[in-house]
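**Student:** Just passing along the structure, written as structure tokens.
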Amino acid sequence: NFNTLISEIKKLLKQKERLLADVSHELRTPLAKMRLLSEIDSPSEKMERINKQIDTLDSIITNILISDKLAAPYSNLNIEEITMENLLQQGLDLSKNKNVQVPATNTQLKVHCDVVKIAIVIKNLLDNAEKYAPSDSPVNITYGENKGVVQINVIDRGPGIPETLIDKIMRPYVRGKNLQKSGFGLGLSICKRVMGAHNGTISATNNNTKGATFSIQWDSKGINNNAKK
């Protein structure tokens, strides 16, 4: 009976994964068509607003799928060696936030991580800064390594994080005070899962002057390639 129960649970999990994959495909197909049609039309403020909503919907779908995938404890990390410059660039390429400054210091620093997942963490932190901490000042990314631990900081100049949210902002479905913004509050919880899978950490603090800093840390040598999430 126990073996039958396990078999049924596995079957249900596979059905859920197929359903999510199918739903994401069905949603992304009309989004892609909408984007194509908007690009064919002449540029206008209305088209820009439509494109922004398309990007938002696409980001929400991506985060839902990633969140579900990261919930699977049997998934493995794909640990690779990469330079910090390349890693940060991949995160920047994924993000919609283009108002970002990265100092050109020690860009050839080599780290080990699941490149795709850490790039998604960087992307989510930058997207959050654009959505919840809008400012004319650029978001700054700083980084470094100390005693084998690599750290990346994403520093915004927005309104900061309410003290009542700092301790729970990494939980799923918890969102900042800009509740009119689209989303489900999954971005930071995904970041936390990714860093946990790397035996690393993510933290959020308010700056002394203005804005907030999100920091991620993990062992620069990575973890065992077969480490479980």
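Labeling convention for the structure tokens: chains A, B, ... as they appear, residues from 1 per chain, ligands from 1 in order of appearance.
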Give me, as a Markdown table, the closest atom pair and its distance (Å, one decimal) for every residue of segment 183-210 of chain A within a cut-off of 12 Å of segment 103-114 of chain A, counting only C-alpha atoms, rows sorted by chain and rising number.

**Tutor:**
```
| residue | atom | partner | partner_atom | distance |
| --- | --- | --- | --- | --- |
| A:Val194 | CA | A:Asp114 | CA | 9.0 |
| A:Met195 | CA | A:Cys113 | CA | 9.9 |
| A:Ala197 | CA | A:Asp114 | CA | 9.6 |
| A:His198 | CA | A:Cys113 | CA | 7.3 |
| A:Asn199 | CA | A:Cys113 | CA | 10.6 |
| A:Gly200 | CA | A:Cys113 | CA | 10.5 |
```

**Student:** Would you list the contacts of Val139 of chain A as a ChimeraX atom specification, taking every protein, DNA or RNA residue within 10 Å and counting only C-alpha atoms, but skipping same-chain residues closer than 6 positions in sequence?

**Tutor:** /A:97-102,126,129-130,133,154-158,211,213

**Student:** For atom CA of Val149 of chain A and atom CA of Ser215 of chain A, determine how far apart the two atoms are, in Å to one decimal place.

**Tutor:**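 Between these atoms lies a distance of 12.3 Å.
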
**Student:** Tell me which of A:Ser7, A:Asn124, A:Asn153, A:Asn140 sits closest to Ile190 of chain A, counting only C-alpha atoms.

**Tutor:**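 With only C-alpha atoms as the atom set, the closest residue is A:Asn124.
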
**Student:** Determine which residues of segment 120-172 of chain A DSSP labels as helix (DSSP H, G or I) from the backbone of this structure, then write them out as number ranges by chain.

**Tutor:** A: 120-132, 163-166

**Student:** I'd like the neighbourhood of Ser38 of chain A as an MDAnalysis selection string, where a residue qualifies if any of its atoms comes within 9 Å (using only C-alpha atoms), though same-chain residues fewer than 6 positions away should be ignored.

**Tutor:** chainID A and resid 47:48 50:51

**Student:** Keeping N, CA and C atoms for every residue in the selection just given, could you write it to a file as a tab-separated table (two decimals), in the first residue's frame?

**Tutor:**
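Written file, selection-v9.tsv:
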```tsv
chain	number	residue	atom	x	y	z
A	47	MET	N	2.04	51.81	-27.02
A	47	MET	CA	2.73	50.57	-27.33
A	47	MET	C	3.77	50.24	-26.27
A	48	GLU	N	4.44	51.25	-25.77
A	48	GLU	CA	5.43	51.04	-24.71
A	48	GLU	C	4.77	50.49	-23.47
A	50	ILE	N	1.97	48.76	-23.38
A	50	ILE	CA	1.55	47.39	-23.68
A	50	ILE	C	2.74	46.44	-23.55
A	51	ASN	N	3.89	46.84	-24.11
A	51	ASN	CA	5.10	46.01	-24.04
A	51	ASN	C	5.53	45.80	-22.60
```

**Student:** I want to know what sits within 8 Å of Ile122 of chain A, based on only C-alpha atoms, with residues of the same chain fewer than 6 positions away left out; could you give that as an MDAnalysis selection string?

**Tutor:** chainID A and resid 88 91:92

**Student:** For Pro134 of chain A, which residue among A:Ser203, A:Ala119, A:Ile152, A:Lys210 is the nearest when counting only C-alpha atoms?

**Tutor:**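 Closest to Pro134 of chain A, using only C-alpha atoms: A:Lys210.
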
**Student:** Measuring atom to atom with only C-alpha atoms, identify which of A:Asn128, A:Pro138, A:Lys117, A:Pro159 is nearest to Glu80 of chain A.

**Tutor:**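 Checking each candidate against Glu80 of chain A, we get A:Lys117 as the closest.
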
**Student:** Might you pull out every residue within 8 Å of Lys192 of chain A, with only C-alpha atoms counted and same-chain residues fewer than 5 positions away left off, and present them as a list in words?

**Tutor:**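 Counting only the stated atoms, we get Met170, Thr201 and Ile202 of chain A.
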
**Student:** Any chance you can output those residues with N, CA and C atoms as a tab-separated table (two decimals), in the first residue's frame?

**Tutor:**
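File produced: part37.tsv:
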```
chain	number	residue	atom	x	y	z
A	170	MET	N	11.38	37.73	2.49
A	170	MET	CA	11.83	36.61	1.66
A	170	MET	C	10.80	35.49	1.57
A	201	THR	N	23.53	32.39	1.62
A	201	THR	CA	22.54	33.21	2.31
A	201	THR	C	22.14	34.40	1.45
A	202	ILE	N	20.98	34.97	1.78
A	202	ILE	CA	20.55	36.24	1.20
A	202	ILE	C	20.01	37.10	2.34
```

**Student:** Restricting the calculation to only C-alpha atoms: of A:Gln90, A:Asp127, A:Phe214, A:Leu31, which residue gets closest to Ile61 of chain A?

**Tutor:**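 Nearest to Ile61 of chain A: A:Leu31.
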